[in-house]
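One file, data.txt, is given below (compact mmCIF, C-alpha atoms).
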```txt
# COMPACT_ATOMS: atom_id res chain seq x y z
CA MET P 1 19.50 -7.36 4.86
CA ILE P 2 17.46 -7.59 1.64
CA HIS P 3 16.14 -11.07 2.46
CA SER P 4 15.03 -12.40 5.81
CA ASP P 5 17.01 -14.99 7.78
CA LYS P 6 14.58 -17.89 8.25
CA GLY P 7 11.71 -15.42 8.22
CA PHE P 8 13.31 -12.92 10.59
CA PHE P 9 14.79 -9.48 10.07
CA ASP P 10 16.93 -9.30 13.19
CA THR P 11 14.32 -9.72 15.97
CA PHE P 12 11.27 -8.84 13.87
CA GLY P 13 9.28 -11.09 11.53
CA GLY P 14 8.70 -14.78 12.06
CA LYS P 15 5.73 -17.07 11.63
CA TYR P 16 3.47 -16.81 14.70
CA VAL P 17 0.41 -18.69 13.49
CA ALA P 18 -1.93 -21.47 14.49
CA GLU P 19 -0.81 -24.97 13.53
CA VAL P 20 -3.46 -25.16 10.82
CA LEU P 21 -1.63 -22.43 8.86
CA ARG P 22 1.88 -23.90 9.22
CA ARG P 23 1.55 -26.28 6.30
CA PRO P 24 0.10 -23.78 3.78
CA LEU P 25 2.75 -21.22 4.76
CA ASP P 26 5.55 -23.76 4.36
CA GLU P 27 4.12 -24.84 1.00
CA LEU P 28 3.86 -21.21 -0.09
CA GLU P 29 7.45 -20.51 0.91
CA THR P 30 8.74 -23.49 -1.07
CA ALA P 31 6.64 -22.60 -4.12
CA PHE P 32 7.77 -18.95 -4.00
CA HIS P 33 11.48 -19.78 -3.90
CA GLU P 34 11.08 -22.32 -6.70
CA ALA P 35 9.14 -19.87 -8.87
CA MET P 36 11.72 -17.13 -8.44
CA LYS P 37 14.35 -19.48 -9.89
CA ASP P 38 12.15 -20.60 -12.81
CA PRO P 39 12.93 -18.67 -16.03
CA GLU P 40 9.49 -19.47 -17.47
CA PHE P 41 7.65 -18.05 -14.44
CA LEU P 42 9.84 -14.95 -14.39
CA GLN P 43 9.34 -14.37 -18.11
CA GLU P 44 5.57 -14.74 -17.81
CA LEU P 45 5.59 -12.29 -14.91
CA LYS P 46 7.71 -9.83 -16.90
CA THR P 47 5.39 -10.06 -19.89
CA ILE P 48 2.30 -9.38 -17.75
CA GLN P 49 4.09 -6.50 -16.04
CA ARG P 50 4.78 -4.96 -19.44
CA ASP P 51 1.56 -5.69 -21.30
CA TYR P 52 -1.05 -5.63 -18.53
CA ILE P 53 0.33 -3.49 -15.70
CA GLY P 54 1.99 -1.04 -18.10
CA ARG P 55 5.54 -1.13 -16.76
CA GLU P 56 7.82 0.68 -16.63
CA THR P 57 6.08 3.64 -15.01
CA PRO P 58 7.47 7.14 -15.69
CA LEU P 59 9.77 9.20 -13.49
CA LEU P 60 8.40 12.73 -13.81
CA PHE P 61 10.49 15.85 -13.19
CA ALA P 62 8.20 18.14 -11.19
CA GLN P 63 9.52 21.32 -12.76
CA THR P 64 6.97 23.82 -11.45
CA ALA P 65 6.96 22.38 -7.94
CA THR P 66 10.75 22.49 -7.90
CA LYS P 67 10.76 26.14 -8.97
CA LEU P 68 8.11 27.14 -6.42
CA LEU P 69 9.75 25.40 -3.49
CA GLY P 70 13.37 26.17 -4.32
CA GLY P 71 16.17 23.82 -3.37
CA ALA P 72 16.35 20.23 -4.58
CA GLN P 73 14.88 18.99 -7.84
CA ILE P 74 11.68 17.02 -7.23
CA TYR P 75 10.92 13.85 -9.18
CA ILE P 76 7.78 11.72 -8.92
CA LYS P 77 7.66 7.98 -9.62
CA LEU P 78 4.20 7.67 -11.17
CA GLU P 79 2.96 4.32 -9.86
CA GLY P 80 -0.52 5.80 -10.18
CA LEU P 81 -0.23 5.19 -13.93
CA ALA P 82 -0.02 1.43 -13.43
CA ASN P 83 -3.18 -0.48 -14.37
CA THR P 84 -5.79 -0.22 -11.56
CA GLY P 85 -4.24 3.04 -10.39
CA ALA P 86 -1.61 2.04 -7.82
CA HIS P 87 1.45 -0.04 -7.01
CA LYS P 88 -0.73 -2.78 -5.50
CA ILE P 89 -1.11 -4.53 -8.86
CA ASN P 90 2.60 -5.49 -8.86
CA ASN P 91 2.16 -7.77 -5.85
CA ALA P 92 -1.35 -8.93 -6.75
CA ILE P 93 -0.29 -10.20 -10.17
CA GLY P 94 2.82 -11.84 -8.76
CA GLN P 95 0.95 -13.69 -6.01
CA CYS P 96 -2.00 -14.67 -8.20
CA LEU P 97 0.36 -16.04 -10.84
CA LEU P 98 2.14 -18.00 -8.11
CA ALA P 99 -1.18 -19.29 -6.73
CA LYS P 100 -2.21 -20.47 -10.19
CA ARG P 101 1.13 -22.28 -10.52
CA MET P 102 0.34 -23.98 -7.17
CA GLY P 103 -3.05 -25.14 -8.44
CA LYS P 104 -5.12 -22.82 -6.24
CA LYS P 105 -8.41 -21.70 -7.79
CA ARG P 106 -9.71 -19.33 -5.11
CA ILE P 107 -8.11 -16.08 -3.96
CA ILE P 108 -8.88 -14.07 -0.84
CA ALA P 109 -7.49 -10.69 0.11
CA GLU P 110 -7.81 -7.93 2.69
CA THR P 111 -7.93 -4.27 1.79
CA GLY P 112 -7.98 -0.88 3.52
CA ALA P 113 -8.04 1.96 1.01
CA GLY P 114 -9.36 -0.54 -1.52
CA GLN P 115 -6.46 -0.35 -3.96
CA HIS P 116 -5.16 -3.80 -3.03
CA GLY P 117 -8.68 -5.18 -3.29
CA VAL P 118 -9.12 -3.63 -6.73
CA ALA P 119 -5.72 -4.91 -7.86
CA THR P 120 -6.40 -8.43 -6.60
CA ALA P 121 -9.86 -8.50 -8.16
CA ALA P 122 -8.40 -7.33 -11.47
CA ALA P 123 -5.56 -9.87 -11.31
CA CYS P 124 -8.07 -12.66 -10.63
CA ALA P 125 -10.22 -11.55 -13.56
CA LYS P 126 -7.15 -11.54 -15.78
CA LEU P 127 -5.96 -14.97 -14.64
CA GLY P 128 -9.35 -16.67 -14.26
CA LEU P 129 -9.44 -17.06 -10.48
CA ASP P 130 -12.31 -16.72 -8.00
CA CYS P 131 -11.89 -13.72 -5.68
CA THR P 132 -13.23 -12.68 -2.26
CA VAL P 133 -12.10 -9.43 -0.63
CA TYR P 134 -12.42 -8.63 3.07
CA MET P 135 -12.79 -4.93 3.84
CA GLY P 136 -13.66 -3.14 7.07
CA GLU P 137 -17.15 -1.68 7.10
CA VAL P 138 -15.73 1.80 7.80
CA ASP P 139 -13.47 1.53 4.75
CA VAL P 140 -16.31 0.18 2.60
CA ARG P 141 -18.25 3.32 3.42
CA ARG P 142 -15.42 5.77 2.67
CA GLN P 143 -14.06 3.96 -0.39
CA GLN P 144 -17.22 3.16 -2.37
CA PRO P 145 -15.62 3.83 -5.79
CA ASN P 146 -13.12 1.04 -5.13
CA VAL P 147 -15.82 -1.30 -3.83
CA ALA P 148 -17.74 -0.75 -7.05
CA SER P 149 -14.62 -1.51 -9.10
CA MET P 150 -13.93 -4.74 -7.20
CA GLU P 151 -17.46 -5.94 -7.80
CA LEU P 152 -17.24 -4.97 -11.47
CA TYR P 153 -14.15 -7.19 -11.79
CA GLY P 154 -16.25 -10.02 -10.36
CA ALA P 155 -15.00 -10.09 -6.77
CA LYS P 156 -17.20 -10.69 -3.75
CA VAL P 157 -16.64 -7.90 -1.20
CA HIS P 158 -17.24 -8.92 2.41
CA ALA P 159 -17.78 -5.96 4.77
CA VAL P 160 -16.18 -6.78 8.13
CA THR P 161 -18.25 -5.53 11.07
CA SER P 162 -16.07 -6.69 13.98
CA GLY P 163 -13.63 -4.58 16.01
CA SER P 164 -12.83 -1.14 14.64
CA ARG P 165 -14.17 -2.27 11.23
CA THR P 166 -10.96 -1.20 9.46
CA LEU P 167 -7.88 -2.84 7.97
CA LYS P 168 -6.71 -4.84 10.99
CA ASP P 169 -10.13 -6.48 11.24
CA ALA P 170 -10.15 -7.27 7.53
CA VAL P 171 -6.78 -9.02 7.99
CA ASN P 172 -8.23 -11.07 10.87
CA GLU P 173 -11.18 -12.24 8.76
CA ALA P 174 -9.00 -13.12 5.80
CA MET P 175 -6.68 -15.16 8.02
CA ARG P 176 -9.67 -17.06 9.43
CA ASP P 177 -10.91 -17.83 5.92
CA TRP P 178 -7.50 -19.10 4.84
CA ALA P 179 -7.20 -21.28 7.94
CA ALA P 180 -10.56 -22.88 7.07
CA ASN P 181 -9.78 -23.41 3.35
CA PRO P 182 -6.00 -23.89 2.92
CA ASP P 183 -6.14 -26.55 0.19
CA THR P 184 -8.16 -24.58 -2.36
CA THR P 185 -7.40 -21.00 -1.35
CA HIS P 186 -4.45 -18.62 -1.48
CA TYR P 187 -4.40 -15.49 0.66
CA VAL P 188 -2.96 -12.56 -1.31
CA LEU P 189 -1.72 -10.43 1.58
CA GLY P 190 -1.42 -6.87 0.32
CA SER P 191 1.44 -5.48 2.35
CA ALA P 192 4.96 -6.48 3.36
CA LEU P 193 3.87 -7.88 6.70
CA GLY P 194 2.21 -10.95 8.15
CA PRO P 195 3.88 -14.32 8.73
CA ALA P 196 6.86 -15.41 6.64
CA PRO P 197 7.19 -15.70 3.67
CA PHE P 198 4.83 -12.75 2.98
CA PRO P 199 7.27 -9.92 3.86
CA ASP P 200 9.93 -11.33 1.51
CA MET P 201 7.41 -12.20 -1.18
CA VAL P 202 5.62 -8.85 -1.24
CA ARG P 203 8.92 -6.95 -1.22
CA GLU P 204 10.20 -9.05 -4.12
CA PHE P 205 7.12 -8.41 -6.28
CA GLN P 206 7.14 -4.70 -5.40
CA SER P 207 10.90 -4.24 -5.91
CA VAL P 208 10.22 -3.74 -9.61
CA ILE P 209 9.53 -0.11 -8.58
CA GLY P 210 12.95 0.37 -7.03
CA ARG P 211 14.79 -1.41 -9.84
CA GLU P 212 13.17 0.89 -12.39
CA VAL P 213 14.00 3.95 -10.29
CA GLU P 214 17.61 2.83 -10.03
CA GLU P 215 17.84 2.59 -13.84
CA GLN P 216 16.03 5.91 -14.32
CA ILE P 217 18.42 7.64 -11.90
CA ALA P 218 21.41 6.30 -13.82
CA ALA P 219 19.95 7.25 -17.21
CA ARG P 220 19.41 10.86 -16.08
CA LYS P 221 22.62 11.03 -14.04
CA LEU P 222 20.74 12.35 -11.00
CA ASP P 223 22.42 13.07 -7.68
CA VAL P 224 19.66 11.80 -5.41
CA ALA P 225 19.67 12.98 -1.82
CA ALA P 226 16.52 11.16 -0.67
CA LEU P 227 13.77 8.73 -1.62
CA ILE P 228 10.44 9.41 0.10
CA ALA P 229 7.49 7.03 0.45
CA CYS P 230 4.40 6.78 2.62
CA VAL P 231 4.32 3.86 5.05
CA GLY P 232 1.25 1.99 6.22
CA GLY P 233 2.03 -1.71 6.26
CA GLY P 234 4.83 -0.86 3.87
CA SER P 235 4.56 -2.55 0.47
CA ASN P 236 5.15 0.52 -1.69
CA SER P 237 8.00 1.81 0.45
CA ILE P 238 9.93 -1.45 0.81
CA GLY P 239 9.66 -2.11 -2.93
CA PHE P 240 10.77 1.46 -3.69
CA PHE P 241 13.67 1.28 -1.23
CA ALA P 242 14.75 -2.32 -1.92
CA PRO P 243 17.75 -1.81 -4.28
CA PHE P 244 19.14 0.94 -2.01
CA ILE P 245 18.84 -0.73 1.42
CA ASP P 246 22.38 -2.10 1.53
CA LYS P 247 23.90 1.10 0.13
CA PRO P 248 24.95 4.10 2.25
CA SER P 249 22.88 6.56 0.20
CA PRO P 250 20.47 8.07 -0.66
CA ARG P 251 18.49 8.81 2.48
CA LEU P 252 15.39 6.62 2.74
CA ILE P 253 12.46 8.45 4.34
CA GLY P 254 9.23 6.75 5.39
CA VAL P 255 6.20 8.94 6.16
CA GLU P 256 3.55 7.63 8.53
CA ALA P 257 0.00 8.84 9.10
CA GLY P 258 0.07 11.67 11.63
CA GLY P 259 -3.73 11.90 11.66
CA ILE P 260 -5.12 14.81 13.66
CA GLY P 261 -2.90 14.80 16.75
CA ASP P 262 -0.52 13.01 19.10
CA GLY P 263 -3.10 11.31 21.32
CA ILE P 264 -4.13 7.66 21.34
CA GLY P 265 -6.60 7.04 18.55
CA GLN P 266 -5.63 10.22 16.71
CA ASN P 267 -2.95 8.83 14.38
CA ALA P 268 -1.22 5.70 13.07
CA VAL P 269 2.37 6.56 14.00
CA ARG P 270 4.35 3.42 14.84
CA MET P 271 8.01 4.31 14.26
CA SER P 272 8.30 8.07 14.77
CA GLY P 273 6.08 8.36 17.84
CA LYS P 274 6.19 7.20 21.45
CA ALA P 275 3.00 5.12 21.71
CA SER P 276 4.17 1.96 19.94
CA ARG P 277 5.81 -1.15 21.35
CA ASP P 278 7.17 -4.48 20.17
CA GLY P 279 4.44 -7.05 19.82
CA ILE P 280 3.02 -9.97 17.89
CA MET P 281 -0.10 -9.65 15.78
CA HIS P 282 -1.42 -11.08 12.51
CA GLY P 283 1.28 -13.76 12.56
CA TYR P 284 4.43 -11.65 12.86
CA LYS P 285 6.50 -9.66 15.35
CA SER P 286 7.05 -5.96 14.75
CA ARG P 287 6.21 -2.50 16.09
CA PHE P 288 2.53 -1.95 16.86
CA LEU P 289 0.25 0.51 18.57
CA LEU P 290 -0.77 -1.69 21.50
CA ASP P 291 -2.18 -1.28 24.98
CA GLU P 292 -0.57 -2.84 28.07
CA ASP P 293 -2.47 -6.07 27.44
CA GLY P 294 -1.12 -6.37 23.91
CA GLN P 295 -4.40 -5.41 22.26
CA ALA P 296 -4.46 -3.11 19.23
CA LEU P 297 -5.08 0.54 20.03
CA PRO P 298 -7.44 2.56 17.83
CA THR P 299 -5.83 4.41 14.92
CA ARG P 300 -6.94 7.31 12.80
CA SER P 301 -5.98 8.66 9.39
CA ILE P 302 -7.73 10.44 6.55
CA SER P 303 -6.04 7.78 4.43
CA ALA P 304 -7.58 4.31 4.75
CA GLY P 305 -4.41 2.66 3.42
CA LEU P 306 -2.27 4.05 6.25
CA ASP P 307 -4.85 3.46 8.98
CA TYR P 308 -3.19 0.36 10.47
CA CYS P 309 -1.74 -0.35 13.90
CA GLY P 310 1.40 -2.19 12.70
CA ILE P 311 4.29 -1.95 10.27
CA GLY P 312 6.14 -4.54 8.19
CA PRO P 313 8.98 -6.28 10.08
CA GLN P 314 11.74 -5.38 7.63
CA LEU P 315 10.79 -1.71 7.76
CA ALA P 316 10.70 -1.85 11.57
CA THR P 317 14.20 -3.34 11.62
CA LEU P 318 15.57 -0.81 9.14
CA GLY P 319 14.04 1.99 11.18
CA LYS P 320 15.55 0.61 14.37
CA GLN P 321 18.95 0.39 12.66
CA GLY P 322 18.67 3.92 11.30
CA ARG P 323 18.78 3.06 7.59
CA ILE P 324 15.23 4.36 7.13
CA GLU P 325 14.29 7.71 8.69
CA PHE P 326 10.69 7.82 9.83
CA THR P 327 8.54 10.90 10.11
CA TYR P 328 4.83 11.65 9.77
CA ALA P 329 2.41 14.02 8.04
CA ARG P 330 -0.86 15.24 9.51
CA ASP P 331 -4.13 14.86 7.61
CA GLU P 332 -4.14 18.60 6.88
CA GLU P 333 -0.62 18.49 5.44
CA ALA P 334 -1.54 15.57 3.18
CA LEU P 335 -4.60 17.44 1.88
CA LYS P 336 -2.45 20.48 1.13
CA ALA P 337 0.01 18.26 -0.74
CA VAL P 338 -2.83 16.83 -2.86
CA LYS P 339 -3.83 20.34 -3.92
CA PHE P 340 -0.22 21.51 -4.43
CA PHE P 341 0.79 18.74 -6.82
CA ALA P 342 -2.57 18.73 -8.60
CA ARG P 343 -2.45 22.45 -9.36
CA ASN P 344 1.25 22.73 -10.11
CA GLU P 345 2.05 19.42 -11.82
CA GLY P 346 -1.28 18.07 -13.03
CA VAL P 347 -0.74 14.98 -10.88
CA LEU P 348 -3.46 13.82 -8.48
CA PHE P 349 -1.92 12.00 -5.53
CA ALA P 350 -3.81 9.38 -3.54
CA MET P 351 -4.22 10.42 0.09
CA GLU P 352 -1.65 7.78 1.07
CA SER P 353 0.96 9.04 -1.40
CA ALA P 354 0.19 12.64 -0.44
CA HIS P 355 1.82 11.97 2.93
CA ALA P 356 5.10 11.44 1.07
CA GLY P 357 4.36 14.52 -1.01
CA ALA P 358 3.90 16.57 2.18
CA GLU P 359 7.34 15.54 3.41
CA ALA P 360 8.90 16.45 0.06
CA ILE P 361 7.37 19.92 0.27
CA LYS P 362 9.13 20.41 3.62
CA LEU P 363 12.43 18.77 2.63
CA ALA P 364 13.12 20.19 -0.84
CA PRO P 365 13.82 23.81 0.24
CA THR P 366 16.48 22.60 2.71
CA LEU P 367 18.62 20.87 0.06
CA PRO P 368 20.95 22.24 -2.66
CA LYS P 369 19.59 22.77 -6.16
CA ASP P 370 21.97 20.20 -7.69
CA LYS P 371 20.44 17.45 -5.55
CA ALA P 372 17.27 15.50 -6.33
CA ILE P 373 14.56 13.91 -4.22
CA ILE P 374 12.17 11.27 -5.53
CA ILE P 375 8.63 10.75 -4.24
CA ASN P 376 6.95 7.43 -4.76
CA MET P 377 3.44 8.38 -5.86
CA SER P 378 2.12 4.95 -4.92
CA GLY P 379 -1.37 5.63 -6.26
CA ARG P 380 -3.58 8.21 -7.89
CA GLY P 381 -6.28 10.11 -6.08
CA ASP P 382 -9.46 9.62 -8.07
CA LYS P 383 -10.41 6.91 -5.56
CA ASP P 384 -10.49 9.57 -2.82
CA VAL P 385 -13.22 11.74 -4.30
CA PHE P 386 -15.51 11.00 -1.34
CA ILE P 387 -12.77 12.25 1.01
CA THR P 388 -11.35 15.24 -0.83
CA CYS P 389 -14.52 16.78 -2.28
CA PRO P 390 -16.15 17.39 1.12
CA VAL P 391 -12.97 19.28 2.07
CA PHE P 392 -12.20 21.22 -1.10
CA ARG P 393 -15.76 21.93 -2.36
CA ARG P 394 -18.15 21.04 0.43
CA GLU P 395 -21.31 22.89 -0.71
CA GLU P 396 -21.02 21.71 -4.32
CA TRP P 397 -20.48 18.16 -3.12
CA LEU P 398 -23.53 18.27 -0.83
CA ASN P 399 -25.65 19.61 -3.67
CA PHE P 400 -24.41 16.85 -5.95
CA LEU P 401 -25.19 14.12 -3.39
CA HIS P 402 -28.67 15.49 -2.71
CA ALA P 403 -29.36 15.65 -6.46
CA GLU P 404 -28.11 12.09 -6.94
CA ILE P 405 -30.29 10.79 -4.11
CA GLU P 406 -33.30 12.55 -5.61
CA ARG P 407 -32.52 11.15 -9.07
CA LEU P 408 -32.15 7.60 -7.74
CA GLU P 409 -35.38 7.86 -5.76
CA ASN P 410 -37.22 9.10 -8.85
CA ASN P 411 -35.79 6.27 -10.96
CA ARG P 412 -36.87 3.73 -8.35
CA GLU P 413 -40.42 5.08 -8.37
CA ILE P 414 -40.53 4.87 -12.17
CA HIS P 415 -39.24 1.28 -12.21
CA ASP P 416 -41.49 0.24 -9.34
```
Let me see the file written as structure tokens.
Amino acid sequence: MIHSDKGFFDTFGGKYVAEVLRRPLDELETAFHEAMKDPEFLQELKTIQRDYIGRETPLLFAQTATKLLGGAQIYIKLEGLANTGAHKINNAIGQCLLAKRMGKKRIIAETGAGQHGVATAAACAKLGLDCTVYMGEVDVRRQQPNVASMELYGAKVHAVTSGSRTLKDAVNEAMRDWAANPDTTHYVLGSALGPAPFPDMVREFQSVIGREVEEQIAARKLDVAALIACVGGGSNSIGFFAPFIDKPSPRLIGVEAGGIGDGIGQNAVRMSGKASRDGIMHGYKSRFLLDEDGQALPTRSISAGLDYCGIGPQLATLGKQGRIEFTYARDEEALKAVKFFARNEGVLFAMESAHAGAEAIKLAPTLPKDKAIIINMSGRGDKDVFITCPVFRREEWLNFLHAEIERLENNREIHD
């Protein structure tokens, strides 16, 4: 179950693409499998993971949170301490290194919350590759700190104005670019979805998280009841879960974006709700939020990285089989989790990761004290200042923005 069977995980997965993309996908698949058997490539990847990404990341015992909640011991895998602030760098470095091995000089990527865009831009700067990032106009507006970081790394950020102007539209634009420039360009897809071999490839580069957790569990002799991760497309969760998929325990819990309600356009719940259906989009078959004509329904989440209508095919299969339990957290619950872990553990969760934190807050009190649960903190929350400040300190934030606008206007008048 770890690897796909000819690109399929049971009935999900595949390679549903235009003919123009068949050849680059086949070439990518061959290059990926060859690289993963090459000791020199693997050693170079390991060295970059250690010296540039900063692996391994810590497994923190959340002592105060555990005491306050009662029940199971809470541990946090601090992927937010990886270079660029999230797990996304694991896959970005792996794919960019592979692209360089293939002789590609130009990298394109899509991004929602911006963390994958930042990671890809940083990886390209490190490895000397040209970078273009496609990002929905809505996400550009709500994730300006990440846009600024991408541009500082030298990437060109293209704001996508079509459709809902969010992640799914950024994926569409990136796929069009790749189809037009397959010989010089590699598409660094940021999540464990899309046409084969991307789901296998992204999981493999992200599984460094799960392998480290497995070793850290053994070193501390923990009795782990559950691993909890947020799920958008699914790269952090499938990498976190990977070494445990074919084992009977622990429980694997994926937390989707519950948004503000159960209605269409109010959430991004694909596996734990009733609005999704099997479909084909962005080159693969999986579970999507679709209308009767097979068109993507609108989604909503306070977290840009979870605001996507589909889910990776391996995760969909594992959910269907019951190995992964899916649930969701509302926007309000995620915000409360941000504040809870910030104030009690000194750890600032990204809005995406806070969905997993919200589930841990509910689950821990129901389990015995000799059990442990581990949250994958897939990213840190400084990127979300434009989202959290208007909630937690609205008046101060408005005053700050007004003062900044006044300062910038004054500076412009002076320079003019």
Which neighbours of P:Met351 fall inside 12 Å, counting all atoms listed in the file, when residues of the same chain fewer than 5 positions from it are skipped, and could you give them as an mmCIF file with C-alpha atoms, keeping the file's coordinate frame?
```cif
data_model
loop_
_atom_site.group_PDB
_atom_site.id
_atom_site.type_symbol
_atom_site.label_atom_id
_atom_site.label_comp_id
_atom_site.auth_asym_id
_atom_site.auth_seq_id
_atom_site.Cartn_x
_atom_site.Cartn_y
_atom_site.Cartn_z
ATOM 1 C CA GLY P 80 -0.520 5.800 -10.180
ATOM 2 C CA ALA P 86 -1.610 2.040 -7.820
ATOM 3 C CA ALA P 113 -8.040 1.960 1.010
ATOM 4 C CA GLN P 115 -6.460 -0.350 -3.960
ATOM 5 C CA GLN P 143 -14.060 3.960 -0.390
ATOM 6 C CA CYS P 230 4.400 6.780 2.620
ATOM 7 C CA VAL P 231 4.320 3.860 5.050
ATOM 8 C CA GLY P 232 1.250 1.990 6.220
ATOM 9 C CA GLU P 256 3.550 7.630 8.530
ATOM 10 C CA ALA P 257 0.000 8.840 9.100
ATOM 11 C CA GLY P 259 -3.730 11.900 11.660
ATOM 12 C CA SER P 301 -5.980 8.660 9.390
ATOM 13 C CA ILE P 302 -7.730 10.440 6.550
ATOM 14 C CA SER P 303 -6.040 7.780 4.430
ATOM 15 C CA ALA P 304 -7.580 4.310 4.750
ATOM 16 C CA GLY P 305 -4.410 2.660 3.420
ATOM 17 C CA LEU P 306 -2.270 4.050 6.250
ATOM 18 C CA ASP P 307 -4.850 3.460 8.980
ATOM 19 C CA ALA P 329 2.410 14.020 8.040
ATOM 20 C CA ARG P 330 -0.860 15.240 9.510
ATOM 21 C CA ASP P 331 -4.130 14.860 7.610
ATOM 22 C CA GLU P 332 -4.140 18.600 6.880
ATOM 23 C CA GLU P 333 -0.620 18.490 5.440
ATOM 24 C CA ALA P 334 -1.540 15.570 3.180
ATOM 25 C CA LEU P 335 -4.600 17.440 1.880
ATOM 26 C CA LYS P 336 -2.450 20.480 1.130
ATOM 27 C CA ALA P 337 0.010 18.260 -0.740
ATOM 28 C CA VAL P 338 -2.830 16.830 -2.860
ATOM 29 C CA LYS P 339 -3.830 20.340 -3.920
ATOM 30 C CA PHE P 341 0.790 18.740 -6.820
ATOM 31 C CA ALA P 356 5.100 11.440 1.070
ATOM 32 C CA GLY P 357 4.360 14.520 -1.010
ATOM 33 C CA ALA P 358 3.900 16.570 2.180
ATOM 34 C CA MET P 377 3.440 8.380 -5.860
ATOM 35 C CA SER P 378 2.120 4.950 -4.920
ATOM 36 C CA GLY P 379 -1.370 5.630 -6.260
ATOM 37 C CA ARG P 380 -3.580 8.210 -7.890
ATOM 38 C CA GLY P 381 -6.280 10.110 -6.080
ATOM 39 C CA ASP P 382 -9.460 9.620 -8.070
ATOM 40 C CA LYS P 383 -10.410 6.910 -5.560
ATOM 41 C CA ASP P 384 -10.490 9.570 -2.820
ATOM 42 C CA VAL P 385 -13.220 11.740 -4.300
ATOM 43 C CA PHE P 386 -15.510 11.000 -1.340
ATOM 44 C CA ILE P 387 -12.770 12.250 1.010
ATOM 45 C CA THR P 388 -11.350 15.240 -0.830
#
```
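Reported to one decimal place, the separation of atom CA of P:Gly312 from atom CA of P:Val347 is 28.1 Å.
Of the listed residues (P:Ala65, P:Ile76, P:Leu28, P:Leu189), P:Ile76 comes nearest to P:Ile217; the distances count all atoms listed in the file.
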| query | Please, what distance in Å, to one decimal, runs between atom CA of P:Gly112 and atom CA of P:Leu167? | reply | 4.9 Å
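With only C-alpha atoms as the atoms that count, the minimum distance from P:Leu98 to the choices P:Thr30, P:Asn236, P:His282, P:Thr161 is reached by P:Thr30.
Counting only C-alpha atoms and comparing P:Gly163, P:Gly7, P:Pro182, P:Pro243, the residue that lies closest to P:Arg106 is P:Pro182.
If only C-alpha atoms are the atoms counted, then among P:Pro248, P:Gly85, P:Gly239, P:Gly103 the closest residue to P:Pro199 is P:Gly239.
Residues in contact with stretch 72-74 of chain P at up to 9 Å, not including ones fewer than 2 positions away on its chain and judged by only C-alpha atoms, are P:Leu60, P:Phe61, P:Ala62, P:Gln63, P:Ala65, P:Thr66, P:Lys67, P:Leu69, P:Gly70, P:Ile76, P:Val224, P:Ala225, P:Ala360, P:Leu363, P:Ala364, P:Pro365, P:Thr366, P:Leu367, P:Pro368, P:Lys369, P:Asp370, P:Lys371, P:Ala372, P:Ile373, P:Ile374, P:Ile375.
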| Atomic separation - atom CA of P:Glu110 relative to atom CA of P:Gly279, Å | 21.1 Å
| request: May I have the residues within 7 Å of P:Leu21 as a ChimeraX atom specification, using only C-alpha atoms and disregarding those fewer than 4 positions away in the same chain? | output: /P:17,25,179
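Nearest to P:Ala196 of all the residues P:Phe326, P:Tyr284, P:Val133, P:Ile89 is P:Tyr284, based on all atoms listed in the file.
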Within 12 Å of P:Gly117, counting all atoms listed in the file, which residues show up once you throw out same-chain ones fewer than 5 positions away? Write them as a compact mmCIF listing (two decimals) with C-alpha atoms, in the frame of the given file, please.
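Output file selection.txt is given in full below:
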```
# COMPACT_ATOMS: atom_id res chain seq x y z
CA THR P 84 -5.79 -0.22 -11.56
CA GLY P 85 -4.24 3.04 -10.39
CA ALA P 86 -1.61 2.04 -7.82
CA HIS P 87 1.45 -0.04 -7.01
CA LYS P 88 -0.73 -2.78 -5.50
CA ILE P 89 -1.11 -4.53 -8.86
CA ASN P 91 2.16 -7.77 -5.85
CA ALA P 92 -1.35 -8.93 -6.75
CA ILE P 93 -0.29 -10.20 -10.17
CA ILE P 107 -8.11 -16.08 -3.96
CA ILE P 108 -8.88 -14.07 -0.84
CA ALA P 109 -7.49 -10.69 0.11
CA GLU P 110 -7.81 -7.93 2.69
CA THR P 111 -7.93 -4.27 1.79
CA GLY P 112 -7.98 -0.88 3.52
CA ALA P 122 -8.40 -7.33 -11.47
CA ALA P 123 -5.56 -9.87 -11.31
CA CYS P 124 -8.07 -12.66 -10.63
CA CYS P 131 -11.89 -13.72 -5.68
CA THR P 132 -13.23 -12.68 -2.26
CA VAL P 133 -12.10 -9.43 -0.63
CA TYR P 134 -12.42 -8.63 3.07
CA MET P 135 -12.79 -4.93 3.84
CA GLY P 136 -13.66 -3.14 7.07
CA ASP P 139 -13.47 1.53 4.75
CA VAL P 140 -16.31 0.18 2.60
CA GLN P 143 -14.06 3.96 -0.39
CA GLN P 144 -17.22 3.16 -2.37
CA PRO P 145 -15.62 3.83 -5.79
CA ASN P 146 -13.12 1.04 -5.13
CA VAL P 147 -15.82 -1.30 -3.83
CA ALA P 148 -17.74 -0.75 -7.05
CA SER P 149 -14.62 -1.51 -9.10
CA MET P 150 -13.93 -4.74 -7.20
CA GLU P 151 -17.46 -5.94 -7.80
CA LEU P 152 -17.24 -4.97 -11.47
CA TYR P 153 -14.15 -7.19 -11.79
CA GLY P 154 -16.25 -10.02 -10.36
CA ALA P 155 -15.00 -10.09 -6.77
CA LYS P 156 -17.20 -10.69 -3.75
CA VAL P 157 -16.64 -7.90 -1.20
CA HIS P 158 -17.24 -8.92 2.41
CA LEU P 167 -7.88 -2.84 7.97
CA ALA P 170 -10.15 -7.27 7.53
CA TYR P 187 -4.40 -15.49 0.66
CA VAL P 188 -2.96 -12.56 -1.31
CA LEU P 189 -1.72 -10.43 1.58
CA GLY P 190 -1.42 -6.87 0.32
CA SER P 191 1.44 -5.48 2.35
CA GLY P 305 -4.41 2.66 3.42
```
